[in-house]
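Undergrad: File follows, query_9.cif with mmCIF, C-alpha atoms:
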data_input
loop_
_atom_site.label_atom_id
_atom_site.label_comp_id
_atom_site.auth_asym_id
_atom_site.auth_seq_id
_atom_site.Cartn_x
_atom_site.Cartn_y
_atom_site.Cartn_z
CA MET F 824 -22.34 12.09 4.16
CA SER F 825 -19.95 14.98 4.46
CA GLY F 826 -19.47 18.37 2.93
CA LYS F 827 -15.76 18.47 3.63
CA ILE F 828 -13.56 19.31 0.67
CA PHE F 829 -9.86 18.50 0.78
CA PRO F 830 -8.07 20.60 -1.85
CA THR F 831 -4.96 18.38 -1.78
CA ALA F 832 -4.09 14.81 -0.91
CA GLN F 833 -2.02 16.17 1.97
CA ASP F 834 -5.12 17.91 3.35
CA ALA F 835 -6.95 14.58 3.25
CA GLU F 836 -4.02 12.87 4.95
CA ASN F 837 -3.91 15.49 7.69
CA ALA F 838 -7.65 15.03 8.30
CA PHE F 839 -7.21 11.24 8.35
CA TYR F 840 -4.64 11.34 11.13
CA GLU F 841 -6.49 14.04 13.06
CA ALA F 842 -9.61 11.87 13.02
CA LEU F 843 -7.53 8.83 14.05
CA GLU F 844 -6.06 10.78 16.96
CA ARG F 845 -9.44 12.08 18.09
CA CYS F 846 -11.23 8.72 17.58
CA ASP F 847 -13.65 10.73 15.42
CA LEU F 848 -15.58 8.23 13.29
CA GLU F 849 -17.46 10.83 11.23
CA GLY F 850 -14.27 12.78 10.64
CA MET F 851 -12.54 9.56 9.60
CA MET F 852 -15.24 8.51 7.16
CA ALA F 853 -15.37 12.03 5.68
CA VAL F 854 -11.83 11.40 4.41
CA TRP F 855 -12.72 8.21 2.53
CA SER F 856 -14.13 8.20 -0.96
CA GLU F 857 -17.83 7.49 -0.99
CA ASP F 858 -18.18 6.50 -4.61
CA GLU F 859 -15.15 4.45 -5.46
CA GLU F 860 -13.98 1.06 -4.34
CA ILE F 861 -12.02 1.54 -1.13
CA VAL F 862 -9.54 -0.81 0.52
CA CYS F 863 -8.33 -0.75 4.14
CA VAL F 864 -5.80 -3.08 5.77
CA HIS F 865 -5.21 -2.47 9.48
CA PRO F 866 -1.98 -3.83 11.01
CA ALA F 867 -2.21 -7.65 10.91
CA GLY F 868 -5.84 -7.31 9.90
CA ALA F 869 -7.93 -8.63 7.06
CA ARG F 870 -8.36 -6.64 3.87
CA LEU F 871 -11.57 -4.65 4.13
CA THR F 872 -13.41 -3.29 1.10
CA GLY F 873 -16.30 -0.89 0.81
CA GLN F 874 -17.74 1.78 3.10
CA ASP F 875 -19.55 -0.61 5.45
CA GLU F 876 -16.55 -2.80 6.30
CA VAL F 877 -14.22 0.16 6.62
CA ARG F 878 -16.60 2.17 8.85
CA GLU F 879 -17.28 -0.83 11.08
CA SER F 880 -13.54 -1.43 11.56
CA TRP F 881 -12.82 2.15 12.59
CA ALA F 882 -15.85 2.15 14.92
CA LYS F 883 -14.39 -0.89 16.71
CA ILE F 884 -10.90 0.62 16.89
CA PHE F 885 -12.20 3.91 18.23
CA ALA F 886 -14.45 2.17 20.78
CA ALA F 887 -11.52 0.12 22.08
CA GLY F 888 -9.16 3.08 22.53
CA PRO F 889 -6.92 4.15 24.19
CA GLN F 890 -6.46 7.45 22.50
CA ALA F 891 -2.91 7.99 21.30
CA ARG F 892 -0.94 10.79 19.75
CA VAL F 893 0.09 10.03 16.18
CA THR F 894 3.22 11.44 14.59
CA ILE F 895 3.81 10.97 10.86
CA GLU F 896 7.42 10.61 9.75
CA HIS F 897 9.52 9.88 6.70
CA GLN F 898 6.86 10.57 4.13
CA VAL F 899 7.55 9.57 0.53
CA ALA F 900 4.89 11.12 -1.71
CA ILE F 901 4.17 10.68 -5.41
CA SER F 902 1.38 12.74 -6.92
CA GLY F 903 -0.43 12.39 -10.23
CA MET F 904 -3.39 14.30 -11.61
CA MET F 905 -5.96 11.89 -10.20
CA LEU F 906 -4.08 9.71 -7.73
CA ALA F 907 -1.53 10.40 -5.03
CA VAL F 908 0.45 7.83 -3.05
CA HIS F 909 2.03 8.52 0.34
CA SER F 910 4.26 6.08 2.19
CA VAL F 911 4.60 7.08 5.85
CA PHE F 912 5.61 5.85 9.26
CA GLU F 913 2.96 6.25 11.96
CA ARG F 914 4.42 6.58 15.44
CA PHE F 915 1.81 6.20 18.18
CA THR F 916 2.42 7.65 21.63
CA ILE F 917 0.16 6.69 24.53
CA PRO F 918 0.43 9.47 27.11
CA GLN F 919 0.00 7.21 30.14
CA ALA F 920 2.48 4.56 28.97
CA LYS F 921 6.19 4.32 29.73
CA PRO F 922 8.63 4.72 26.83
CA GLU F 923 9.35 0.99 26.67
CA ALA F 924 5.61 0.25 26.53
CA GLN F 925 4.94 2.46 23.51
CA PRO F 926 3.61 0.70 20.40
CA ALA F 927 5.97 -0.28 17.61
CA PRO F 928 5.90 1.99 14.57
CA ILE F 929 3.55 1.25 11.70
CA VAL F 930 4.37 1.63 8.01
CA ALA F 931 1.43 2.75 5.90
CA THR F 932 0.73 3.16 2.21
CA ASN F 933 -2.03 5.73 1.70
CA VAL F 934 -3.62 6.33 -1.70
CA TYR F 935 -5.78 9.34 -2.47
CA LEU F 936 -8.09 9.97 -5.41
CA ARG F 937 -9.15 13.35 -6.80
CA THR F 938 -12.94 13.17 -6.83
CA ALA F 939 -15.62 15.70 -7.66
CA ALA F 940 -15.64 16.42 -3.91
CA GLY F 941 -11.89 16.99 -3.60
CA TRP F 942 -9.20 14.51 -2.64
CA ARG F 943 -10.32 11.41 -0.77
CA MET F 944 -8.61 8.33 0.56
CA ILE F 945 -9.16 5.12 -1.38
CA VAL F 946 -6.48 2.83 0.10
CA HIS F 947 -4.94 2.62 3.58
CA HIS F 948 -2.57 -0.34 4.00
CA ALA F 949 -0.86 -0.41 7.39
CA SER F 950 1.46 -3.04 8.87
CA PRO F 951 3.87 -3.25 11.79
CA ALA F 952 7.35 -2.01 10.95
CA PRO F 953 10.48 -3.50 12.51
CA ALA F 954 11.91 -0.01 12.71
CA ALA F 955 11.56 3.46 11.30
CA PRO F 956 14.42 4.68 9.12
CA ALA F 957 17.32 6.21 11.01
CA PRO F 958 17.21 10.02 11.12
CA ALA F 959 20.12 10.17 8.67
CA ALA F 960 17.97 8.39 6.11
CA ALA F 961 14.97 10.62 6.71
CA ARG F 962 13.75 12.35 3.61
CA ASP F 963 10.64 14.33 4.28
CA THR F 964 10.88 15.85 0.86
CA GLY F 965 8.03 17.57 -0.84
CA PRO F 966 5.82 15.41 -3.02
CA LYS F 967 7.10 14.34 -6.42
CA ILE F 968 4.71 15.90 -8.91
CA LEU F 969 4.15 13.95 -12.08
CA HIS F 970 2.18 16.47 -14.07
CA MET O 99 19.20 -1.69 -17.03
CA SER O 100 16.38 -3.14 -19.07
CA GLY O 101 14.75 -2.55 -22.40
CA LYS O 102 11.46 -4.09 -21.33
CA ILE O 103 8.39 -2.00 -21.99
CA PHE O 104 5.16 -2.77 -20.16
CA PRO O 105 2.26 -1.18 -22.06
CA THR O 106 -0.11 -1.44 -19.08
CA ALA O 107 0.14 -1.63 -15.31
CA GLN O 108 -1.26 -5.15 -15.55
CA ASP O 109 1.60 -6.15 -17.83
CA ALA O 110 4.04 -4.86 -15.22
CA GLU O 111 2.18 -6.74 -12.49
CA ASN O 112 2.26 -9.97 -14.48
CA ALA O 113 6.01 -9.58 -15.02
CA PHE O 114 6.50 -8.84 -11.31
CA TYR O 115 4.86 -12.09 -10.22
CA GLU O 116 6.52 -14.12 -12.99
CA ALA O 117 9.91 -12.86 -11.81
CA LEU O 118 8.95 -13.60 -8.20
CA GLU O 119 7.97 -17.14 -9.13
CA ARG O 120 11.13 -17.74 -11.14
CA CYS O 121 13.42 -16.06 -8.57
CA ASP O 122 14.61 -13.93 -11.48
CA LEU O 123 16.38 -10.89 -10.03
CA GLU O 124 16.96 -9.11 -13.35
CA GLY O 125 13.36 -9.75 -14.39
CA MET O 126 12.18 -8.41 -11.03
CA MET O 127 14.26 -5.24 -11.19
CA ALA O 128 13.16 -4.64 -14.79
CA VAL O 129 9.65 -4.10 -13.41
CA TRP O 130 10.67 -1.38 -10.95
CA SER O 131 10.99 2.25 -11.92
CA GLU O 132 14.61 3.29 -12.30
CA ASP O 133 14.14 7.01 -12.05
CA GLU O 134 11.56 7.59 -9.38
CA GLU O 135 11.55 7.06 -5.66
CA ILE O 136 10.52 3.46 -5.05
CA VAL O 137 9.22 1.87 -1.85
CA CYS O 138 9.12 -1.83 -0.97
CA VAL O 139 7.74 -3.41 2.21
CA HIS O 140 8.11 -7.20 2.41
CA PRO O 141 5.84 -9.07 4.86
CA ALA O 142 6.90 -8.05 8.39
CA GLY O 143 9.90 -6.33 6.86
CA ALA O 144 11.37 -2.85 7.07
CA ARG O 145 10.41 -0.20 4.54
CA LEU O 146 13.01 -0.18 1.79
CA THR O 147 13.55 2.79 -0.50
CA GLY O 148 15.63 3.17 -3.64
CA GLN O 149 16.99 0.73 -6.20
CA ASP O 150 19.89 -0.53 -4.07
CA GLU O 151 17.84 -1.50 -1.01
CA VAL O 152 15.07 -3.03 -3.10
CA ARG O 153 17.46 -5.05 -5.31
CA GLU O 154 19.40 -6.31 -2.29
CA SER O 155 16.21 -7.50 -0.60
CA TRP O 156 15.02 -9.47 -3.62
CA ALA O 157 18.48 -10.97 -4.08
CA LYS O 158 18.32 -12.27 -0.50
CA ILE O 159 14.79 -13.60 -0.92
CA PHE O 160 15.62 -15.35 -4.18
CA ALA O 161 18.83 -16.83 -2.77
CA ALA O 162 16.94 -18.25 0.22
CA GLY O 163 14.19 -19.91 -1.83
CA PRO O 164 12.34 -22.22 -1.94
CA GLN O 165 10.67 -21.48 -5.20
CA ALA O 166 6.92 -21.32 -4.92
CA ARG O 167 4.00 -20.96 -7.26
CA VAL O 168 2.19 -17.64 -6.83
CA THR O 169 -1.49 -17.18 -7.55
CA ILE O 170 -2.99 -13.69 -7.53
CA GLU O 171 -6.58 -13.38 -6.36
CA HIS O 172 -9.24 -10.81 -5.57
CA GLN O 173 -7.64 -7.92 -7.39
CA VAL O 174 -9.07 -4.46 -6.84
CA ALA O 175 -7.60 -2.08 -9.43
CA ILE O 176 -7.86 1.68 -9.80
CA SER O 177 -6.17 3.27 -12.79
CA GLY O 178 -5.34 6.89 -13.49
CA MET O 179 -3.42 8.45 -16.36
CA MET O 180 -0.07 8.27 -14.59
CA LEU O 181 -0.62 5.99 -11.61
CA ALA O 182 -2.39 2.69 -11.09
CA VAL O 183 -3.07 0.97 -7.78
CA HIS O 184 -3.75 -2.76 -7.44
CA SER O 185 -4.74 -4.46 -4.19
CA VAL O 186 -4.26 -8.23 -4.44
CA PHE O 187 -3.96 -11.40 -2.45
CA GLU O 188 -0.82 -13.44 -3.12
CA ARG O 189 -1.27 -17.13 -2.46
CA PHE O 190 2.03 -19.04 -2.39
CA THR O 191 2.09 -22.77 -3.03
CA ILE O 192 5.24 -24.76 -2.28
CA PRO O 193 5.09 -27.90 -4.43
CA GLN O 194 6.88 -30.15 -1.93
CA ALA O 195 4.85 -28.99 1.08
CA LYS O 196 1.66 -30.51 2.50
CA PRO O 197 -1.52 -28.44 2.34
CA GLU O 198 -1.37 -27.60 6.06
CA ALA O 199 2.24 -26.41 5.66
CA GLN O 200 1.50 -23.94 2.88
CA PRO O 201 2.25 -20.29 3.66
CA ALA O 202 -0.51 -17.96 4.81
CA PRO O 203 -1.84 -15.59 2.15
CA ILE O 204 -0.28 -12.16 1.72
CA VAL O 205 -2.17 -8.95 0.99
CA ALA O 206 -0.30 -6.54 -1.23
CA THR O 207 -0.77 -2.99 -2.42
CA ASN O 208 1.06 -2.47 -5.73
CA VAL O 209 1.45 0.97 -7.28
CA TYR O 210 2.54 1.50 -10.88
CA LEU O 211 3.71 4.66 -12.61
CA ARG O 212 3.54 5.43 -16.31
CA THR O 213 7.09 6.38 -17.23
CA ALA O 214 8.76 7.19 -20.52
CA ALA O 215 9.69 3.47 -20.60
CA GLY O 216 6.16 2.18 -20.02
CA TRP O 217 4.49 1.23 -16.75
CA ARG O 218 6.79 0.46 -13.85
CA MET O 219 6.27 -0.49 -10.22
CA ILE O 220 6.97 2.22 -7.66
CA VAL O 221 5.41 0.74 -4.49
CA HIS O 222 5.01 -2.85 -3.29
CA HIS O 223 3.61 -3.12 0.24
CA ALA O 224 2.98 -6.70 1.36
CA SER O 225 1.84 -8.01 4.73
CA PRO O 226 0.48 -11.28 6.09
CA ALA O 227 -3.31 -11.57 5.76
CA PRO O 228 -5.43 -13.42 8.30
CA ALA O 229 -7.53 -14.73 5.43
CA ALA O 230 -8.39 -14.10 1.82
CA PRO O 231 -11.95 -12.97 1.14
CA ALA O 232 -14.52 -15.74 0.84
CA PRO O 233 -15.30 -16.66 -2.77
CA ALA O 234 -18.72 -15.02 -2.46
CA ALA O 235 -16.97 -11.71 -1.80
CA ALA O 236 -14.52 -12.13 -4.64
CA ARG O 237 -14.64 -9.34 -7.15
CA ASP O 238 -12.05 -9.75 -9.83
CA THR O 239 -13.56 -6.93 -11.76
CA GLY O 240 -11.75 -5.08 -14.46
CA PRO O 241 -9.83 -2.02 -13.41
CA LYS O 242 -11.72 1.13 -12.57
CA ILE O 243 -10.57 3.67 -15.14
CA LEU O 244 -10.50 7.25 -13.96
CA HIS O 245 -9.82 9.02 -17.20
#
Translate this structure into structure tokens?
TA:
Amino acid sequence: MSGKIFPTAQDAENAFYEALERCDLEGMMAVWSEDEEIVCVHPAGARLTGQDEVRESWAKIFAAGPQARVTIEHQVAISGMMLAVHSVFERFTIPQAKPEAQPAPIVATNVYLRTAAGWRMIVHHASPAPAAPAPAAARDTGPKILH
Amino acid sequence: MSGKIFPTAQDAENAFYEALERCDLEGMMAVWSEDEEIVCVHPAGARLTGQDEVRESWAKIFAAGPQARVTIEHQVAISGMMLAVHSVFERFTIPQAKPEAQPAPIVATNVYLRTAAGWRMIVHHASPAPAAPAPAAARDTGPKILH
């Protein structure tokens, strides 16, 4: 489906959010693992499994728009040889909207798998967050490497 | 804090839900990694990081009760050498409550880390699920082993 190779989990994560921002369905699906079981939970959504359900959900989201800028904050990352887990806040900004009409932040758990074709996403679990951590609590530290 | 050793991620998961069911704070915290960054998102809750925030949240939950039976369904498991990821549905049953008053199911992403003291939880991300998968879609397959 795609010849893209992501040398690190962070590369895959960057491509994921770029595709989300651009409403780029092919770019989005190029991030997901093709071979393994995949799991996607959109905010307040059902758990989706497998390429077909995940692709269909992103197609609907991208068709509905509106396009928004996405900023990733407060990443906590843990990296193994084969799996990497990133916990992040997703802050969406809709250019046309007033500050008080901006969406609430989302907290997401993203899991990446090292495949023969580089790092790919296997789990994206997103849910509405009451609030992002205060700046004082922000720790955008480098990933914790386990190996 | 605890001498408990969980030889597999599944053992840690079983202990997690047993502690949850029994409102057993020490049993719960014995499942979590002591050394690594840990992340906990309760349904519709803020992202909590670190032992202190996570312990405090479970203490509040357990103090509030009521105790409920927890059934885990539709597990999707992916296991690496150092990390394991389980996606599950948590179905809570309150013995005194009528069927229509039972809580909605929760979808959870649980991440376990192989530490020097056995497998421990490092991420629990739970959010309300509109519905569990239909039985026909249920796939309680054994874990996918990556190594």
Undergrad: When distances are computed from all atoms listed in the file, which of O:Asp109, O:Glu124, O:Glu171, O:Glu154 shows the smallest separation from O:Ser185?
TA: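 The closest residue to O:Ser185 is O:Glu171.
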Undergrad: As an exercise, work out the distance from atom CA of F:Glu857 to atom CA of F:Ala835 in Å and give it to one decimal place.
TA: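 For atom CA of F:Glu857 relative to atom CA of F:Ala835, the distance reads 13.7 Å.
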Undergrad: Any chance you could dump chain O, least-squares fitted to chain F on all C-alpha atoms in order, as a PDB file with C-alpha atoms, keeping the file's coordinate frame?
TA:
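superposed18.pdb written:
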ATOM      1  CA  MET O  99     -22.308  12.062   4.240  1.00  0.00           C
ATOM      2  CA  SER O 100     -19.927  14.976   4.484  1.00  0.00           C
ATOM      3  CA  GLY O 101     -19.487  18.363   2.924  1.00  0.00           C
ATOM      4  CA  LYS O 102     -15.768  18.467   3.628  1.00  0.00           C
ATOM      5  CA  ILE O 103     -13.574  19.314   0.679  1.00  0.00           C
ATOM      6  CA  PHE O 104      -9.871  18.508   0.795  1.00  0.00           C
ATOM      7  CA  PRO O 105      -8.072  20.604  -1.835  1.00  0.00           C
ATOM      8  CA  THR O 106      -4.961  18.394  -1.772  1.00  0.00           C
ATOM      9  CA  ALA O 107      -4.082  14.818  -0.908  1.00  0.00           C
ATOM     10  CA  GLN O 108      -2.041  16.182   1.987  1.00  0.00           C
ATOM     11  CA  ASP O 109      -5.122  17.909   3.367  1.00  0.00           C
ATOM     12  CA  ALA O 110      -6.950  14.581   3.260  1.00  0.00           C
ATOM     13  CA  GLU O 111      -4.015  12.865   4.958  1.00  0.00           C
ATOM     14  CA  ASN O 112      -3.914  15.475   7.711  1.00  0.00           C
ATOM     15  CA  ALA O 113      -7.649  15.031   8.311  1.00  0.00           C
ATOM     16  CA  PHE O 114      -7.224  11.240   8.354  1.00  0.00           C
ATOM     17  CA  TYR O 115      -4.644  11.340  11.142  1.00  0.00           C
ATOM     18  CA  GLU O 116      -6.510  14.046  13.078  1.00  0.00           C
ATOM     19  CA  ALA O 117      -9.622  11.857  13.034  1.00  0.00           C
ATOM     20  CA  LEU O 118      -7.536   8.838  14.051  1.00  0.00           C
ATOM     21  CA  GLU O 119      -6.077  10.762  16.971  1.00  0.00           C
ATOM     22  CA  ARG O 120      -9.452  12.072  18.101  1.00  0.00           C
ATOM     23  CA  CYS O 121     -11.241   8.726  17.577  1.00  0.00           C
ATOM     24  CA  ASP O 122     -13.661  10.709  15.424  1.00  0.00           C
ATOM     25  CA  LEU O 123     -15.594   8.227  13.284  1.00  0.00           C
ATOM     26  CA  GLU O 124     -17.482  10.819  11.224  1.00  0.00           C
ATOM     27  CA  GLY O 125     -14.277  12.780  10.645  1.00  0.00           C
ATOM     28  CA  MET O 126     -12.533   9.566   9.593  1.00  0.00           C
ATOM     29  CA  MET O 127     -15.240   8.504   7.156  1.00  0.00           C
ATOM     30  CA  ALA O 128     -15.373  12.021   5.692  1.00  0.00           C
ATOM     31  CA  VAL O 129     -11.836  11.401   4.417  1.00  0.00           C
ATOM     32  CA  TRP O 130     -12.712   8.211   2.533  1.00  0.00           C
ATOM     33  CA  SER O 131     -14.115   8.214  -0.967  1.00  0.00           C
ATOM     34  CA  GLU O 132     -17.832   7.497  -0.992  1.00  0.00           C
ATOM     35  CA  ASP O 133     -18.174   6.508  -4.601  1.00  0.00           C
ATOM     36  CA  GLU O 134     -15.148   4.445  -5.442  1.00  0.00           C
ATOM     37  CA  GLU O 135     -13.964   1.054  -4.337  1.00  0.00           C
ATOM     38  CA  ILE O 136     -12.008   1.549  -1.124  1.00  0.00           C
ATOM     39  CA  VAL O 137      -9.527  -0.808   0.534  1.00  0.00           C
ATOM     40  CA  CYS O 138      -8.338  -0.760   4.148  1.00  0.00           C
ATOM     41  CA  VAL O 139      -5.791  -3.081   5.771  1.00  0.00           C
ATOM     42  CA  HIS O 140      -5.212  -2.478   9.491  1.00  0.00           C
ATOM     43  CA  PRO O 141      -1.976  -3.837  11.019  1.00  0.00           C
ATOM     44  CA  ALA O 142      -2.197  -7.654  10.928  1.00  0.00           C
ATOM     45  CA  GLY O 143      -5.818  -7.298   9.898  1.00  0.00           C
ATOM     46  CA  ALA O 144      -7.923  -8.641   7.056  1.00  0.00           C
ATOM     47  CA  ARG O 145      -8.352  -6.642   3.867  1.00  0.00           C
ATOM     48  CA  LEU O 146     -11.557  -4.647   4.133  1.00  0.00           C
ATOM     49  CA  THR O 147     -13.388  -3.295   1.104  1.00  0.00           C
ATOM     50  CA  GLY O 148     -16.302  -0.895   0.819  1.00  0.00           C
ATOM     51  CA  GLN O 149     -17.735   1.776   3.093  1.00  0.00           C
ATOM     52  CA  ASP O 150     -19.545  -0.614   5.448  1.00  0.00           C
ATOM     53  CA  GLU O 151     -16.547  -2.809   6.286  1.00  0.00           C
ATOM     54  CA  VAL O 152     -14.209   0.159   6.612  1.00  0.00           C
ATOM     55  CA  ARG O 153     -16.599   2.165   8.835  1.00  0.00           C
ATOM     56  CA  GLU O 154     -17.262  -0.845  11.065  1.00  0.00           C
ATOM     57  CA  SER O 155     -13.540  -1.431  11.567  1.00  0.00           C
ATOM     58  CA  TRP O 156     -12.836   2.153  12.603  1.00  0.00           C
ATOM     59  CA  ALA O 157     -15.846   2.138  14.921  1.00  0.00           C
ATOM     60  CA  LYS O 158     -14.386  -0.908  16.688  1.00  0.00           C
ATOM     61  CA  ILE O 159     -10.913   0.611  16.883  1.00  0.00           C
ATOM     62  CA  PHE O 160     -12.209   3.906  18.240  1.00  0.00           C
ATOM     63  CA  ALA O 161     -14.461   2.176  20.774  1.00  0.00           C
ATOM     64  CA  ALA O 162     -11.528   0.114  22.071  1.00  0.00           C
ATOM     65  CA  GLY O 163      -9.168   3.070  22.532  1.00  0.00           C
ATOM     66  CA  PRO O 164      -6.948   4.135  24.177  1.00  0.00           C
ATOM     67  CA  GLN O 165      -6.485   7.430  22.476  1.00  0.00           C
ATOM     68  CA  ALA O 166      -2.950   7.993  21.313  1.00  0.00           C
ATOM     69  CA  ARG O 167      -0.975  10.795  19.769  1.00  0.00           C
ATOM     70  CA  VAL O 168       0.073  10.037  16.190  1.00  0.00           C
ATOM     71  CA  THR O 169       3.191  11.459  14.601  1.00  0.00           C
ATOM     72  CA  ILE O 170       3.795  10.978  10.881  1.00  0.00           C
ATOM     73  CA  GLU O 171       7.399  10.629   9.767  1.00  0.00           C
ATOM     74  CA  HIS O 172       9.513   9.900   6.716  1.00  0.00           C
ATOM     75  CA  GLN O 173       6.846  10.582   4.138  1.00  0.00           C
ATOM     76  CA  VAL O 174       7.542   9.591   0.553  1.00  0.00           C
ATOM     77  CA  ALA O 175       4.895  11.149  -1.705  1.00  0.00           C
ATOM     78  CA  ILE O 176       4.172  10.688  -5.394  1.00  0.00           C
ATOM     79  CA  SER O 177       1.387  12.756  -6.908  1.00  0.00           C
ATOM     80  CA  GLY O 178      -0.412  12.388 -10.211  1.00  0.00           C
ATOM     81  CA  MET O 179      -3.370  14.297 -11.613  1.00  0.00           C
ATOM     82  CA  MET O 180      -5.947  11.893 -10.210  1.00  0.00           C
ATOM     83  CA  LEU O 181      -4.070   9.732  -7.724  1.00  0.00           C
ATOM     84  CA  ALA O 182      -1.519  10.412  -5.018  1.00  0.00           C
ATOM     85  CA  VAL O 183       0.445   7.839  -3.044  1.00  0.00           C
ATOM     86  CA  HIS O 184       2.028   8.538   0.347  1.00  0.00           C
ATOM     87  CA  SER O 185       4.260   6.088   2.205  1.00  0.00           C
ATOM     88  CA  VAL O 186       4.604   7.087   5.864  1.00  0.00           C
ATOM     89  CA  PHE O 187       5.614   5.871   9.270  1.00  0.00           C
ATOM     90  CA  GLU O 188       2.966   6.252  11.975  1.00  0.00           C
ATOM     91  CA  ARG O 189       4.416   6.587  15.444  1.00  0.00           C
ATOM     92  CA  PHE O 190       1.800   6.202  18.192  1.00  0.00           C
ATOM     93  CA  THR O 191       2.416   7.656  21.631  1.00  0.00           C
ATOM     94  CA  ILE O 192       0.149   6.682  24.523  1.00  0.00           C
ATOM     95  CA  PRO O 193       0.398   9.475  27.099  1.00  0.00           C
ATOM     96  CA  GLN O 194      -0.046   7.221  30.138  1.00  0.00           C
ATOM     97  CA  ALA O 195       2.432   4.576  28.960  1.00  0.00           C
ATOM     98  CA  LYS O 196       6.153   4.321  29.729  1.00  0.00           C
ATOM     99  CA  PRO O 197       8.596   4.726  26.850  1.00  0.00           C
ATOM    100  CA  GLU O 198       9.318   0.981  26.704  1.00  0.00           C
ATOM    101  CA  ALA O 199       5.570   0.251  26.531  1.00  0.00           C
ATOM    102  CA  GLN O 200       4.907   2.478  23.534  1.00  0.00           C
ATOM    103  CA  PRO O 201       3.594   0.722  20.421  1.00  0.00           C
ATOM    104  CA  ALA O 202       5.958  -0.267  17.628  1.00  0.00           C
ATOM    105  CA  PRO O 203       5.901   2.004  14.579  1.00  0.00           C
ATOM    106  CA  ILE O 204       3.541   1.257  11.705  1.00  0.00           C
ATOM    107  CA  VAL O 205       4.361   1.640   8.018  1.00  0.00           C
ATOM    108  CA  ALA O 206       1.439   2.749   5.905  1.00  0.00           C
ATOM    109  CA  THR O 207       0.727   3.160   2.222  1.00  0.00           C
ATOM    110  CA  ASN O 208      -2.033   5.746   1.706  1.00  0.00           C
ATOM    111  CA  VAL O 209      -3.623   6.324  -1.689  1.00  0.00           C
ATOM    112  CA  TYR O 210      -5.779   9.353  -2.469  1.00  0.00           C
ATOM    113  CA  LEU O 211      -8.081   9.986  -5.409  1.00  0.00           C
ATOM    114  CA  ARG O 212      -9.147  13.344  -6.788  1.00  0.00           C
ATOM    115  CA  THR O 213     -12.931  13.175  -6.836  1.00  0.00           C
ATOM    116  CA  ALA O 214     -15.604  15.712  -7.667  1.00  0.00           C
ATOM    117  CA  ALA O 215     -15.642  16.434  -3.901  1.00  0.00           C
ATOM    118  CA  GLY O 216     -11.895  16.999  -3.581  1.00  0.00           C
ATOM    119  CA  TRP O 217      -9.196  14.513  -2.621  1.00  0.00           C
ATOM    120  CA  ARG O 218     -10.340  11.420  -0.772  1.00  0.00           C
ATOM    121  CA  MET O 219      -8.611   8.330   0.571  1.00  0.00           C
ATOM    122  CA  ILE O 220      -9.157   5.121  -1.377  1.00  0.00           C
ATOM    123  CA  VAL O 221      -6.468   2.828   0.099  1.00  0.00           C
ATOM    124  CA  HIS O 222      -4.934   2.617   3.576  1.00  0.00           C
ATOM    125  CA  HIS O 223      -2.569  -0.334   4.012  1.00  0.00           C
ATOM    126  CA  ALA O 224      -0.846  -0.418   7.402  1.00  0.00           C
ATOM    127  CA  SER O 225       1.470  -3.037   8.868  1.00  0.00           C
ATOM    128  CA  PRO O 226       3.870  -3.252  11.799  1.00  0.00           C
ATOM    129  CA  ALA O 227       7.373  -1.999  10.951  1.00  0.00           C
ATOM    130  CA  PRO O 228      10.490  -3.483  12.517  1.00  0.00           C
ATOM    131  CA  ALA O 229      11.933   0.017  12.696  1.00  0.00           C
ATOM    132  CA  ALA O 230      11.567   3.482  11.270  1.00  0.00           C
ATOM    133  CA  PRO O 231      14.431   4.684   9.088  1.00  0.00           C
ATOM    134  CA  ALA O 232      17.374   6.201  10.934  1.00  0.00           C
ATOM    135  CA  PRO O 233      17.288  10.006  10.996  1.00  0.00           C
ATOM    136  CA  ALA O 234      20.186  10.122   8.532  1.00  0.00           C
ATOM    137  CA  ALA O 235      17.986   8.328   6.003  1.00  0.00           C
ATOM    138  CA  ALA O 236      14.996  10.544   6.628  1.00  0.00           C
ATOM    139  CA  ARG O 237      13.758  12.298   3.547  1.00  0.00           C
ATOM    140  CA  ASP O 238      10.681  14.329   4.228  1.00  0.00           C
ATOM    141  CA  THR O 239      10.895  15.848   0.822  1.00  0.00           C
ATOM    142  CA  GLY O 240       8.022  17.554  -0.857  1.00  0.00           C
ATOM    143  CA  PRO O 241       5.831  15.411  -3.039  1.00  0.00           C
ATOM    144  CA  LYS O 242       7.108  14.324  -6.413  1.00  0.00           C
ATOM    145  CA  ILE O 243       4.728  15.899  -8.909  1.00  0.00           C
ATOM    146  CA  LEU O 244       4.178  13.939 -12.082  1.00  0.00           C
ATOM    147  CA  HIS O 245       2.222  16.435 -14.092  1.00  0.00           C
TER     148      HIS O 245
END
Undergrad: Compute the distance from (-6.7, 10.1, 14.6) to each atom, counting only C-alpha atoms, keep the residues with any atom at most 12 Å away, and return them as a PyMOL selection string; use the coordinates of the file.
TA: chain F and resi 836-852+854+881+884-885+888-895+913-916
Undergrad: On this structure, which residues satisfy the PyMOL selection byres ((chain O) within 8 of (chain F)), written as an MDAnalysis selection string?
TA: chainID O and resid 135 137 142:145 174 178:182 185 205 207 223 225:231 244
Undergrad: So for stretch 196-209 of chain O, what box centre and size do we get, axis-aligned, 8 Å extra on each of the six sides, every listed atom, Å to one decimal, as AutoDock Vina command-line options?
TA:
--center_x 0.0 --center_y -14.8 --center_z -0.6 --size_x 20.4 --size_y 47.5 --size_z 29.3
Undergrad: Would you compute the distance between atom CA of F:Phe829 and atom CA of F:Arg943? Give it in Å to one decimal.
TA: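 About the pair atom CA of F:Phe829 and atom CA of F:Arg943: they are 7.3 Å apart.
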Undergrad: Could you work out how far atom CA of F:Thr831 lies from atom CA of O:His140, giving the answer in Å with one decimal?
TA: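 Going from atom CA of O:His140 over to atom CA of F:Thr831 covers 29.0 Å.
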Undergrad: List the spatial neighbours of F:Ala940 as a list of chain:residue names - criterion: any atom at most 9 Å away, all atoms listed in the file, same-chain residues fewer than 6 positions off excluded.
TA: F:Gly826, F:Lys827, F:Ile828, F:Phe829, F:Pro830, F:Ser856
